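So this block is query.cif, mmCIF, C-alpha atoms:
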data_run
#
loop_
_atom_site.label_atom_id
_atom_site.label_comp_id
_atom_site.auth_asym_id
_atom_site.auth_seq_id
_atom_site.Cartn_x
_atom_site.Cartn_y
_atom_site.Cartn_z
CA MET A 32 -37.02 -20.62 46.49
CA ALA A 33 -36.33 -21.41 42.84
CA SER A 34 -37.41 -24.79 41.65
CA LEU A 35 -34.86 -27.52 41.23
CA ARG A 36 -35.29 -27.50 37.48
CA GLU A 37 -34.61 -23.79 37.25
CA ILE A 38 -31.43 -24.11 39.26
CA ARG A 39 -30.25 -27.02 37.15
CA ARG A 40 -30.81 -24.99 33.99
CA LYS A 41 -28.77 -22.15 35.41
CA ILE A 42 -25.96 -24.53 36.34
CA LYS A 43 -25.88 -25.78 32.79
CA SER A 44 -25.57 -22.29 31.32
CA VAL A 45 -22.87 -21.26 33.79
CA LYS A 46 -20.99 -24.43 32.98
CA SER A 47 -20.95 -23.76 29.26
CA THR A 48 -19.82 -20.18 29.85
CA GLU A 49 -17.04 -21.51 32.01
CA GLN A 50 -15.94 -23.86 29.26
CA ILE A 51 -15.84 -21.04 26.75
CA THR A 52 -13.85 -18.71 28.96
CA LYS A 53 -11.47 -21.51 29.79
CA ALA A 54 -10.91 -22.24 26.12
CA MET A 55 -10.36 -18.57 25.37
CA LYS A 56 -7.83 -18.41 28.14
CA MET A 57 -5.91 -21.34 26.69
CA VAL A 58 -5.92 -19.85 23.21
CA ALA A 59 -4.73 -16.49 24.52
CA ALA A 60 -1.99 -18.19 26.52
CA ALA A 61 -0.69 -20.12 23.52
CA ARG A 62 -0.77 -17.06 21.28
CA MET A 63 0.88 -14.96 23.92
CA ARG A 64 3.82 -17.32 24.13
CA ARG A 65 4.28 -17.14 20.38
CA SER A 66 3.97 -13.40 20.49
CA GLN A 67 6.60 -13.17 23.23
CA LEU A 68 8.95 -15.13 21.01
CA SER A 69 8.45 -12.67 18.18
CA ILE A 70 9.32 -9.81 20.51
CA LEU A 71 12.56 -11.57 21.33
CA ALA A 72 13.23 -12.31 17.67
CA ALA A 73 12.73 -8.68 16.73
CA ARG A 74 15.15 -7.43 19.33
CA PRO A 75 18.53 -7.95 17.55
CA PHE A 76 17.47 -5.85 14.58
CA ALA A 77 16.20 -3.00 16.74
CA ILE A 78 19.27 -2.96 18.97
CA LYS A 79 21.73 -2.97 16.08
CA MET A 80 19.73 -0.39 14.22
CA GLU A 81 19.67 1.88 17.22
CA ARG A 82 23.44 1.69 17.62
CA LEU A 83 24.04 2.31 13.96
CA VAL A 84 21.74 5.33 13.87
CA ARG A 85 23.43 6.76 16.94
CA GLU A 86 26.92 6.31 15.54
CA LEU A 87 26.01 7.79 12.20
CA ALA A 88 24.28 10.75 13.79
CA LEU A 89 27.29 11.38 16.00
CA LEU A 90 29.62 11.22 13.02
CA GLU A 91 27.37 13.66 11.23
CA ILE A 92 27.29 16.04 14.19
CA ARG A 93 31.05 15.95 14.40
CA ALA A 94 31.47 16.60 10.73
CA GLU A 95 29.10 19.54 10.86
CA GLN A 96 30.76 20.97 13.93
CA ALA A 97 34.15 20.63 12.29
CA ALA A 98 32.86 22.43 9.23
CA GLY A 99 31.30 25.14 11.38
CA LEU A 100 27.87 24.52 9.95
CA PRO A 101 24.66 24.94 11.91
CA LEU A 102 23.47 21.62 13.27
CA ASP A 103 21.04 20.07 10.86
CA ILE A 104 21.48 16.34 10.67
CA HIS A 105 18.15 15.22 9.38
CA PRO A 106 14.52 16.43 9.61
CA PHE A 107 13.80 13.51 11.95
CA PHE A 108 16.12 14.95 14.56
CA ASN A 109 15.16 18.60 14.30
CA ARG A 110 12.93 19.97 16.98
CA ARG A 111 10.08 21.90 15.46
CA PRO A 112 8.05 24.84 16.77
CA GLN A 113 5.60 23.72 19.44
CA SER A 114 2.77 25.60 17.78
CA GLY A 115 2.44 23.05 14.99
CA ALA A 116 -0.10 20.29 14.77
CA GLU A 117 0.48 17.02 16.55
CA LEU A 118 0.11 13.49 15.38
CA ILE A 119 -0.88 10.63 17.61
CA VAL A 120 -0.63 6.94 16.85
CA PHE A 121 -2.70 4.79 19.10
CA VAL A 122 -2.70 1.07 19.25
CA THR A 123 -5.69 -0.89 20.52
CA GLY A 124 -6.79 -4.47 19.98
CA ASP A 125 -9.25 -5.83 17.45
CA LYS A 126 -11.39 -7.62 19.98
CA GLY A 127 -12.78 -7.06 23.41
CA LEU A 128 -12.91 -9.50 26.29
CA CYS A 129 -9.54 -8.44 27.53
CA GLY A 130 -10.25 -6.41 30.63
CA ALA A 131 -9.34 -2.74 30.59
CA PHE A 132 -6.85 -3.15 27.74
CA ASN A 133 -8.75 -1.17 25.11
CA SER A 134 -10.53 1.25 27.39
CA ASN A 135 -7.22 2.30 28.95
CA VAL A 136 -5.89 3.37 25.58
CA LEU A 137 -9.12 5.02 24.54
CA ARG A 138 -9.46 6.93 27.80
CA ALA A 139 -5.92 8.24 27.40
CA ALA A 140 -6.71 9.13 23.80
CA ILE A 141 -9.75 11.14 24.90
CA ASP A 142 -7.61 13.00 27.42
CA TRP A 143 -5.05 13.63 24.74
CA PHE A 144 -7.60 15.07 22.33
CA ARG A 145 -9.19 17.11 25.09
CA ALA A 146 -5.86 18.67 26.02
CA ARG A 147 -5.43 19.75 22.40
CA LYS A 148 -8.89 21.12 21.89
CA GLY A 149 -9.11 23.80 19.24
CA ARG A 150 -5.88 22.69 17.63
CA LYS A 151 -5.52 20.59 14.58
CA SER A 152 -4.36 17.07 15.24
CA TYR A 153 -3.79 14.04 13.11
CA CYS A 154 -4.13 10.47 14.12
CA VAL A 155 -3.15 7.03 12.96
CA VAL A 156 -5.07 4.22 14.57
CA VAL A 157 -4.32 0.52 14.80
CA GLY A 158 -6.91 -2.02 15.91
CA ARG A 159 -10.62 -2.35 15.28
CA LYS A 160 -11.57 -0.96 18.69
CA GLY A 161 -9.58 2.17 18.09
CA ARG A 162 -10.94 2.58 14.60
CA ASP A 163 -14.52 2.38 15.81
CA PHE A 164 -13.62 4.89 18.48
CA VAL A 165 -12.32 7.53 16.07
CA HIS A 166 -15.35 7.06 13.87
CA ARG A 167 -17.54 7.93 16.83
CA LEU A 168 -15.35 10.83 17.82
CA LYS A 169 -17.06 14.20 17.63
CA GLY A 170 -16.10 17.73 18.48
CA ALA A 171 -12.36 17.40 18.02
CA ASP A 172 -10.47 18.67 15.03
CA VAL A 173 -8.91 15.35 14.14
CA GLU A 174 -7.96 14.01 10.78
CA VAL A 175 -7.43 10.26 10.52
CA ILE A 176 -4.49 9.61 8.23
CA GLN A 177 -4.38 5.89 8.38
CA GLU A 178 -6.32 3.13 10.03
CA LEU A 179 -5.35 -0.48 10.30
CA ALA A 180 -7.72 -3.09 11.66
CA GLY A 181 -7.74 -6.85 11.80
CA VAL A 182 -3.99 -7.31 12.05
CA PHE A 183 -3.83 -8.98 15.46
CA PRO A 184 -2.73 -11.51 16.51
CA LYS A 185 -0.61 -11.82 13.38
CA VAL A 186 1.28 -8.58 13.19
CA SER A 187 4.11 -8.56 10.69
CA PHE A 188 6.70 -6.01 9.71
CA ALA A 189 4.62 -5.19 6.63
CA HIS A 190 1.96 -3.71 8.91
CA ALA A 191 4.53 -1.63 10.75
CA GLU A 192 5.80 -0.46 7.39
CA LEU A 193 2.34 0.71 6.38
CA VAL A 194 1.85 2.64 9.60
CA GLY A 195 5.40 3.96 9.56
CA GLN A 196 5.16 5.23 6.01
CA ALA A 197 1.93 7.07 6.79
CA VAL A 198 3.52 8.67 9.85
CA ILE A 199 6.68 9.65 7.99
CA ASP A 200 4.77 11.07 5.04
CA ALA A 201 2.63 13.17 7.34
CA TYR A 202 5.65 14.33 9.32
CA LEU A 203 7.51 15.44 6.22
CA ASP A 204 4.46 17.04 4.59
CA PRO A 205 4.96 20.81 4.92
CA THR A 206 1.24 21.54 4.50
CA LYS A 207 0.47 19.54 7.65
CA SER A 208 3.26 21.13 9.72
CA VAL A 209 3.37 18.30 12.21
CA SER A 210 5.70 19.14 15.07
CA LYS A 211 5.54 15.97 17.08
CA VAL A 212 4.53 12.35 16.78
CA THR A 213 3.39 10.49 19.87
CA VAL A 214 2.48 6.85 20.28
CA LEU A 215 0.00 5.55 22.79
CA TYR A 216 0.05 1.84 23.48
CA ASN A 217 0.05 -0.89 26.09
CA GLU A 218 3.44 -2.19 27.02
CA PHE A 219 3.89 -5.86 27.77
CA LYS A 220 5.56 -5.58 31.13
CA SER A 221 4.85 -9.07 32.30
CA VAL A 222 2.13 -11.65 31.93
CA ALA A 223 0.29 -10.14 34.87
CA GLN A 224 1.02 -6.53 34.08
CA GLN A 225 0.40 -4.28 31.14
CA ARG A 226 1.26 -0.65 31.32
CA LEU A 227 -0.07 2.20 29.26
CA LEU A 228 2.81 4.08 27.67
CA THR A 229 3.04 7.36 25.84
CA VAL A 230 6.24 7.65 23.87
CA ALA A 231 7.58 10.26 21.50
CA LEU A 232 8.36 8.74 18.12
CA LEU A 233 9.43 11.85 16.25
CA PRO A 234 11.49 13.96 16.42
CA ILE A 235 14.14 11.51 17.52
CA PRO A 236 16.15 12.95 20.41
CA GLU A 237 19.62 13.90 19.30
CA PRO A 238 22.28 11.58 20.64
CA GLU A 239 24.36 13.04 23.42
CA VAL A 240 27.52 14.39 21.98
CA VAL A 241 30.50 12.41 23.16
CA PRO A 242 33.78 14.17 23.85
CA ALA A 243 36.13 14.38 20.91
CA GLU A 244 38.67 12.09 22.59
CA ILE A 245 36.38 9.12 22.24
CA ALA A 246 36.96 7.67 18.84
CA LEU A 247 33.97 6.79 16.75
CA PRO A 248 34.18 3.89 14.37
CA ASP A 249 35.83 4.85 11.14
CA TYR A 250 33.73 3.71 8.26
CA GLY A 251 33.89 3.83 4.55
CA PHE A 252 30.52 4.78 3.15
CA GLU A 253 28.70 3.88 0.05
CA PRO A 254 26.71 5.95 -0.85
CA GLY A 255 27.49 9.06 1.23
CA ARG A 256 26.95 9.30 4.94
CA GLN A 257 23.97 11.59 4.67
CA GLU A 258 22.22 9.43 2.12
CA LEU A 259 22.79 6.42 4.29
CA LEU A 260 21.42 8.16 7.34
CA GLY A 261 18.45 9.31 5.28
CA ALA A 262 17.73 5.75 4.23
CA LEU A 263 18.41 4.31 7.66
CA LEU A 264 16.17 6.57 9.70
CA PRO A 265 12.81 5.63 8.14
CA ARG A 266 13.71 2.00 8.74
CA HIS A 267 14.58 2.84 12.30
CA VAL A 268 11.19 4.48 12.80
CA LYS A 269 9.43 1.50 11.25
CA ALA A 270 11.38 -0.94 13.39
CA SER A 271 10.36 1.03 16.49
CA LEU A 272 6.74 0.89 15.40
CA TYR A 273 7.05 -2.81 14.74
CA ARG A 274 8.28 -3.35 18.27
CA ILE A 275 5.38 -1.28 19.60
CA LEU A 276 2.85 -3.34 17.64
CA LEU A 277 4.39 -6.54 18.93
CA GLU A 278 4.36 -5.27 22.51
CA SER A 279 0.73 -4.27 22.21
CA GLN A 280 -0.14 -7.61 20.71
CA ALA A 281 1.50 -9.53 23.54
CA ALA A 282 -0.05 -7.20 26.10
CA GLU A 283 -3.51 -7.71 24.61
CA LEU A 284 -3.15 -11.46 24.75
CA ALA A 285 -1.86 -11.32 28.31
CA ALA A 286 -4.76 -9.06 29.29
CA ARG A 287 -7.20 -11.43 27.64
CA MET A 288 -5.65 -14.38 29.38
CA ASN A 289 -6.01 -12.71 32.75
CA ALA A 290 -9.55 -11.55 32.07
CA MET A 291 -10.60 -15.00 30.94
CA ASP A 292 -8.87 -16.59 33.91
CA ALA A 293 -10.85 -14.33 36.24
CA ALA A 294 -14.05 -15.07 34.34
CA SER A 295 -13.43 -18.81 34.62
CA LYS A 296 -12.84 -18.47 38.33
CA ASN A 297 -16.03 -16.48 38.79
CA ALA A 298 -17.98 -18.98 36.76
CA LYS A 299 -16.59 -21.79 38.87
CA GLU A 300 -17.59 -20.02 42.07
CA LEU A 301 -21.05 -19.37 40.76
CA ARG A 302 -21.41 -22.96 39.63
CA GLU A 303 -20.40 -24.24 43.06
CA ALA A 304 -22.85 -21.94 44.80
CA LEU A 305 -25.61 -23.05 42.46
CA ASN A 306 -24.69 -26.69 43.00
CA LEU A 307 -25.04 -26.19 46.73
CA ASP A 308 -28.38 -24.54 46.16
CA ALA A 309 -29.54 -27.39 43.98
CA ASN A 310 -28.47 -30.00 46.51
CA ARG A 311 -30.11 -28.14 49.33
CA THR A 312 -33.34 -27.83 47.39
CA ARG A 313 -33.26 -31.49 46.51
CA GLN A 314 -32.51 -32.47 50.12
CA SER A 315 -35.28 -30.33 51.52
CA PHE A 316 -37.64 -31.90 49.04
CA ILE A 317 -36.61 -35.38 50.20
CA THR A 318 -36.86 -34.40 53.85
CA LYS A 319 -40.29 -33.06 53.25
CA GLU A 320 -41.35 -36.27 51.53
CA ILE A 321 -39.99 -38.41 54.35
CA ALA A 322 -41.74 -36.25 56.90
CA GLU A 323 -44.95 -36.65 55.00
CA LEU A 324 -44.43 -40.40 54.78
CA VAL A 325 -43.69 -40.70 58.45
CA GLY A 326 -46.63 -38.48 59.27
CA GLY A 327 -48.88 -40.63 57.09
CA ALA A 328 -47.61 -43.90 58.66
CA GLU A 329 -48.10 -42.54 62.14
CA ALA A 330 -51.62 -41.51 61.29
CA LEU A 331 -52.33 -45.04 60.09
CA ALA A 332 -50.77 -46.64 63.19
CA ASN A 333 -53.00 -44.66 65.41
CA MET B 106 43.83 -18.46 5.95
CA ASP B 107 42.78 -18.68 9.55
CA LYS B 108 40.76 -15.49 9.63
CA ARG B 109 37.07 -15.83 8.99
CA LEU B 110 34.08 -13.63 8.72
CA THR B 111 31.10 -13.87 10.98
CA LEU B 112 27.90 -12.90 9.37
CA GLU B 113 24.58 -12.06 10.88
CA LEU B 114 21.64 -11.50 8.60
CA VAL B 115 18.88 -9.80 10.55
CA THR B 116 15.42 -8.79 9.46
CA PRO B 117 12.98 -6.85 11.65
CA GLU B 118 11.19 -10.10 12.38
CA LYS B 119 14.04 -12.45 13.11
CA VAL B 120 17.69 -13.33 12.78
CA ALA B 121 17.60 -15.12 9.44
CA TRP B 122 21.13 -16.45 9.40
CA SER B 123 24.03 -16.28 11.76
CA ALA B 124 27.21 -18.18 11.08
CA GLY B 125 30.80 -18.01 9.99
CA ALA B 126 31.66 -17.41 6.37
CA ASP B 127 34.72 -17.31 4.15
CA PHE B 128 33.47 -14.95 1.50
CA VAL B 129 30.33 -12.87 1.20
CA VAL B 130 28.92 -11.08 -1.82
CA LEU B 131 26.52 -8.23 -1.15
CA PRO B 132 24.14 -6.53 -3.59
CA ALA B 133 25.40 -2.98 -2.96
CA LEU B 134 23.67 0.00 -4.52
CA GLU B 135 26.47 0.52 -6.98
CA GLY B 136 27.00 -3.11 -7.93
CA GLU B 137 27.92 -6.28 -6.16
CA MET B 138 30.53 -6.08 -3.49
CA GLY B 139 32.64 -8.95 -2.25
CA VAL B 140 33.84 -9.08 1.33
CA LEU B 141 36.77 -11.18 2.44
CA PRO B 142 38.24 -11.39 5.94
CA GLY B 143 40.27 -8.29 6.78
CA HIS B 144 37.98 -5.96 4.89
CA GLN B 145 37.99 -2.30 5.80
CA SER B 146 35.14 -1.04 8.01
CA PHE B 147 32.31 -0.23 5.75
CA LEU B 148 28.71 0.82 5.81
CA VAL B 149 26.89 0.17 2.62
CA GLY B 150 23.36 0.50 1.33
CA LEU B 151 21.94 -2.59 -0.35
CA THR B 152 19.50 -2.89 -3.15
CA ALA B 153 17.11 -5.75 -3.79
CA GLY B 154 19.32 -8.60 -4.84
CA GLU B 155 21.10 -11.74 -3.96
CA VAL B 156 23.41 -12.29 -1.03
CA ARG B 157 25.87 -15.11 -1.46
CA ILE B 158 27.56 -16.56 1.54
CA LYS B 159 30.40 -18.94 0.91
CA VAL B 160 31.26 -21.37 3.66
CA LYS B 161 34.09 -23.69 2.65
CA ASP B 162 32.86 -25.04 -0.67
CA GLU B 163 29.21 -24.42 -0.11
CA VAL B 164 27.34 -21.35 -1.18
CA GLN B 165 24.23 -20.22 0.61
CA ARG B 166 22.01 -17.81 -1.25
CA PHE B 167 19.48 -15.37 0.09
CA ALA B 168 17.13 -13.08 -1.75
CA VAL B 169 17.03 -9.78 0.14
CA SER B 170 14.89 -6.75 -0.51
CA GLY B 171 17.20 -3.86 0.16
CA GLY B 172 18.73 -2.72 3.41
CA PHE B 173 22.19 -2.13 4.81
CA ALA B 174 25.33 -3.95 5.63
CA GLU B 175 27.85 -3.01 8.23
CA VAL B 176 31.31 -4.51 7.91
CA LYS B 177 33.48 -4.09 10.96
CA ASP B 178 36.34 -6.18 12.37
CA ASP B 179 35.43 -9.13 10.20
CA LYS B 180 31.88 -9.02 11.45
CA ILE B 181 29.16 -8.38 8.95
CA ALA B 182 25.77 -7.23 10.10
CA LEU B 183 23.25 -7.36 7.31
CA PHE B 184 19.99 -5.51 7.79
CA ALA B 185 17.32 -6.40 5.31
CA GLU B 186 13.57 -5.93 5.28
CA THR B 187 13.12 -9.49 4.12
CA ALA B 188 15.54 -12.32 3.56
CA GLU B 189 14.59 -15.61 2.00
CA MET B 190 16.85 -18.60 1.80
CA SER B 191 16.89 -20.45 -1.49
CA ASP B 192 14.99 -23.45 -0.16
CA GLN B 193 12.30 -21.26 1.40
CA ILE B 194 11.31 -19.80 -1.92
CA ASP B 195 8.49 -21.34 -3.86
CA ALA B 196 9.70 -21.26 -7.46
CA GLU B 197 6.23 -21.71 -8.90
CA ARG B 198 4.85 -18.80 -6.94
CA ALA B 199 7.75 -16.57 -7.86
CA LYS B 200 7.20 -17.42 -11.51
CA GLN B 201 3.53 -16.57 -11.26
CA ALA B 202 4.31 -13.31 -9.49
CA LEU B 203 6.71 -12.44 -12.28
CA GLU B 204 4.10 -13.12 -14.95
CA ARG B 205 1.52 -11.10 -13.06
CA ALA B 206 3.82 -8.16 -12.56
CA LYS B 207 4.93 -8.22 -16.20
CA LEU B 208 1.32 -8.17 -17.38
CA ALA B 209 0.40 -5.41 -14.98
CA SER B 210 3.34 -3.25 -15.96
CA VAL B 211 2.32 -3.02 -19.62
CA LYS B 212 -1.20 -1.95 -18.77
CA PRO B 213 -1.86 1.54 -20.13
CA GLY B 214 -2.57 4.47 -17.88
CA LEU B 215 -0.18 3.69 -15.07
CA ASP B 216 1.21 6.66 -13.23
CA PRO B 217 4.97 6.72 -12.68
CA LEU B 218 4.65 5.64 -9.06
CA GLN B 219 2.66 2.54 -9.94
CA LEU B 220 5.05 1.77 -12.75
CA ALA B 221 7.99 1.96 -10.38
CA GLU B 222 6.19 -0.39 -8.02
CA MET B 223 5.58 -2.87 -10.82
CA GLU B 224 9.19 -2.73 -11.85
CA ALA B 225 10.26 -3.36 -8.29
CA ALA B 226 7.90 -6.34 -8.16
CA ILE B 227 9.37 -7.73 -11.36
CA ARG B 228 12.86 -7.33 -10.00
CA ARG B 229 11.97 -9.02 -6.74
CA ALA B 230 10.46 -11.97 -8.57
CA GLN B 231 13.46 -12.27 -10.87
CA ILE B 232 15.85 -12.28 -7.94
CA ARG B 233 13.83 -14.95 -6.20
CA LEU B 234 13.87 -17.07 -9.29
CA ARG B 235 17.58 -16.63 -9.73
CA VAL B 236 18.24 -17.60 -6.14
CA VAL B 237 16.07 -20.69 -6.46
CA ARG B 238 17.53 -21.75 -9.75
CA HIS B 239 21.07 -21.69 -8.49
CA GLY B 240 20.30 -23.10 -5.10
CA LYS B 241 23.34 -24.78 -3.68
CA THR B 242 24.16 -26.72 -6.80
CA VAL B 243 26.58 -24.32 -8.44
CA PRO B 244 30.13 -25.58 -8.18
CA PRO B 245 32.40 -23.17 -6.34
CA HIS B 246 34.69 -22.47 -9.30
CA LEU B 247 31.78 -20.81 -11.08
CA GLU B 248 31.22 -18.38 -8.29
#

Please, can you express the file's structure as structure tokens?
Amino acid sequence: MASLREIRRKIKSVKSTEQITKAMKMVAAARMRRSQLSILAARPFAIKMERLVRELALLEIRAEQAAGLPLDIHPFFNRRPQSGAELIVFVTGDKGLCGAFNSNVLRAAIDWFRARKGRKSYCVVVGRKGRDFVHRLKGADVEVIQELAGVFPKVSFAHAELVGQAVIDAYLDPTKSVSKVTVLYNEFKSVAQQRLLTVALLPIPEPEVVPAEIALPDYGFEPGRQELLGALLPRHVKASLYRILLESQAAELAARMNAMDAASKNAKELREALNLDANRTRQSFITKEIAELVGGAEALAN
Amino acid sequence: MDKRLTLELVTPEKVAWSAGADFVVLPALEGEMGVLPGHQSFLVGLTAGEVRIKVKDEVQRFAVSGGFAEVKDDKIALFAETAEMSDQIDAERAKQALERAKLASVKPGLDPLQLAEMEAAIRRAQIRLRVVRHGKTVPPHLE
């Protein structure tokens, strides 16, 4: 059996670990709340933008149908040949200690690259963990277009703009012939649940054509409709990316909170077990001493 | 005049301003555009500039950095990348930014893209300064 001193030393170290994990849990919880609020605050813009893009696209489709032109609203809507290269954006965290948060994304990214072996792919990576991952990556024909690390937990729209511009530039670059842009990230489903999501960012699915009876809003435009749509769509893409970054940020913090909660619980259990051990050792030591004392006294009495 | 406008100024990060208004001036691409209640439905692209919102006799100013405005049924939805209210702007910092940008823009050997960026920075700083300078103190008859 370990000596009392050894056990006490172990208790001390477990205790300090427990304090650290507890503190990290609190920090993650506070940041997560703030991050949830920013998701809510970002919602009105995204919702309005989505509606506006849809209405404008529908107006455009109608106008083109009326004019008997082939449907060509905007490059962002056009489906491209499947043979082209693909672009993936994946969002990880900057730090570890958050359970399977990062490894989930990275595992999915490996699968993604494996499925596209022998084909050219491009990637944009957000988060230090993801960046380190692509630097280690070997054997796949991947070109990193943009990397962004150290932005969490203070993601702002400026970051989304940076990522969005890189994605849009690559998508519109004819020499790259990118046919599809996919985003891989963790969705903040609830505090206890994060879900890995793969969503298509570009091309944007065409809005379902509504029957001609349904009137669309009648707008005046300045400048023209097409120019407006052309200016609106990049913003729409960036707003979507911003939402994704915010979701991932909240999910990371929630994952960290859960991981640290579990770690604190484990540390507490361990500490209690060690305490029991220490007490038992101490008690057996006392019992032994008493027994010796009694034995000694009895020997004297005889 | 019992009809009023409702205006919502949204940025990707938050709803910056949401309230009723009597008269709104927008920095449209082709010059400033005033919107009164009963305005036709309109979708307009905005440039970096100043948004003025008149509520009774008070004027609220925002510096916005481009975006869109949708006018529909007396509701105005303003989408801007950034929107700063006059009292959120630090005049000193804006002034410094202006100086910096002006210095940087005369440096030789700038390619056109960089030059355009510098010019945009100068414009942004000037708008900020203008918004701050006027604040809420301008009497309504000068609007």

Residues of chain B were defined as contacting chain A if any atom lay at most 10 Å from it, counting only C-alpha atoms; please report them as a PDB file with C-alpha atoms, in the frame of the given file.
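After the write, part_2.pdb holds the following:
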ATOM      1  CA  GLU B 113      24.580 -12.060  10.880  1.00  0.00           C
ATOM      2  CA  LEU B 114      21.640 -11.500   8.600  1.00  0.00           C
ATOM      3  CA  VAL B 115      18.880  -9.800  10.550  1.00  0.00           C
ATOM      4  CA  THR B 116      15.420  -8.790   9.460  1.00  0.00           C
ATOM      5  CA  PRO B 117      12.980  -6.850  11.650  1.00  0.00           C
ATOM      6  CA  GLU B 118      11.190 -10.100  12.380  1.00  0.00           C
ATOM      7  CA  LYS B 119      14.040 -12.450  13.110  1.00  0.00           C
ATOM      8  CA  VAL B 120      17.690 -13.330  12.780  1.00  0.00           C
ATOM      9  CA  ALA B 121      17.600 -15.120   9.440  1.00  0.00           C
ATOM     10  CA  ALA B 133      25.400  -2.980  -2.960  1.00  0.00           C
ATOM     11  CA  LEU B 134      23.670   0.000  -4.520  1.00  0.00           C
ATOM     12  CA  GLU B 135      26.470   0.520  -6.980  1.00  0.00           C
ATOM     13  CA  GLN B 145      37.990  -2.300   5.800  1.00  0.00           C
ATOM     14  CA  SER B 146      35.140  -1.040   8.010  1.00  0.00           C
ATOM     15  CA  PHE B 147      32.310  -0.230   5.750  1.00  0.00           C
ATOM     16  CA  LEU B 148      28.710   0.820   5.810  1.00  0.00           C
ATOM     17  CA  VAL B 149      26.890   0.170   2.620  1.00  0.00           C
ATOM     18  CA  GLY B 150      23.360   0.500   1.330  1.00  0.00           C
ATOM     19  CA  LEU B 151      21.940  -2.590  -0.350  1.00  0.00           C
ATOM     20  CA  GLY B 172      18.730  -2.720   3.410  1.00  0.00           C
ATOM     21  CA  PHE B 173      22.190  -2.130   4.810  1.00  0.00           C
ATOM     22  CA  GLU B 175      27.850  -3.010   8.230  1.00  0.00           C
ATOM     23  CA  VAL B 176      31.310  -4.510   7.910  1.00  0.00           C
ATOM     24  CA  LYS B 177      33.480  -4.090  10.960  1.00  0.00           C
ATOM     25  CA  ALA B 182      25.770  -7.230  10.100  1.00  0.00           C
ATOM     26  CA  LEU B 183      23.250  -7.360   7.310  1.00  0.00           C
ATOM     27  CA  PHE B 184      19.990  -5.510   7.790  1.00  0.00           C
ATOM     28  CA  ALA B 185      17.320  -6.400   5.310  1.00  0.00           C
ATOM     29  CA  GLU B 186      13.570  -5.930   5.280  1.00  0.00           C
ATOM     30  CA  THR B 187      13.120  -9.490   4.120  1.00  0.00           C
TER      31      THR B 187
END

Can you tell me, as a VMD selection string, which residues sit within 10 Å of (-4.6, -18.7, 28.6) in the file's frame, using only C-alpha atoms? chain A and resid 52 to 64 284 to 292

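Taking atom CA of Pro205 of chain A and atom CA of Ser152 of chain A as the two end points, the separation is 14.4 Å.
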
Using all atoms listed in the file, collect all residues at a distance of at most 12 Å from (-0.9, -6.4, 14.5) as written in the file, then present them as a PyMOL selection string. chain A and resi 66+69+122-126+156-159+178-194+272-284

Interatomic distance, atom CA of Val237 of chain B to atom CA of Ile181 of chain B (Å, one decimal):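 Distance between the two atoms: 23.7 Å.
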
Starting from the displayed file, determine the output of the PyMOL selection byres ((chain B and resi 218-229) around 10) and express the residue list as a ChimeraX atom specification. /B:153-155,168-170,199-200,202-212,214-217,230-235

Can you tell me how far atom CA of Ile38 of chain A sits from atom CA of Leu305 of chain A, in Å to one decimal?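 Between atom CA of Ile38 of chain A and atom CA of Leu305 of chain A the gap works out to 6.7 Å.
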
Tell me, as a ChimeraX atom specification, which residues lie within 12 Å of Ala140 of chain A, counting only C-alpha atoms; anything in the same chain fewer than 5 positions away does not count. /A:118-123,133-135,145-147,152,154-156,161,164-165,168,171,173,213-216,227-229

Evaluate the PyMOL selection byres ((chain A and resi 117) around 7) and record the selected residues as a VMD selection string, following the chain and residue labels used in the document. chain A and resid 115 to 116 118 to 119 152 to 153 209 to 212

Give the answer as one residue: which of B:Val130, B:Ile194, B:Ala174, B:Leu141 has the shortest atom-to-atom distance to Arg157 of chain B, using only C-alpha atoms?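 So, comparing all the options, the nearest one is B:Val130.
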
Minimum-distance residue to Met138 of chain B, chosen among B:Gln165, B:Gln201, B:Lys108, B:Ile158 (using only C-alpha atoms):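 The answer is B:Ile158, which sits nearest to Met138 of chain B.
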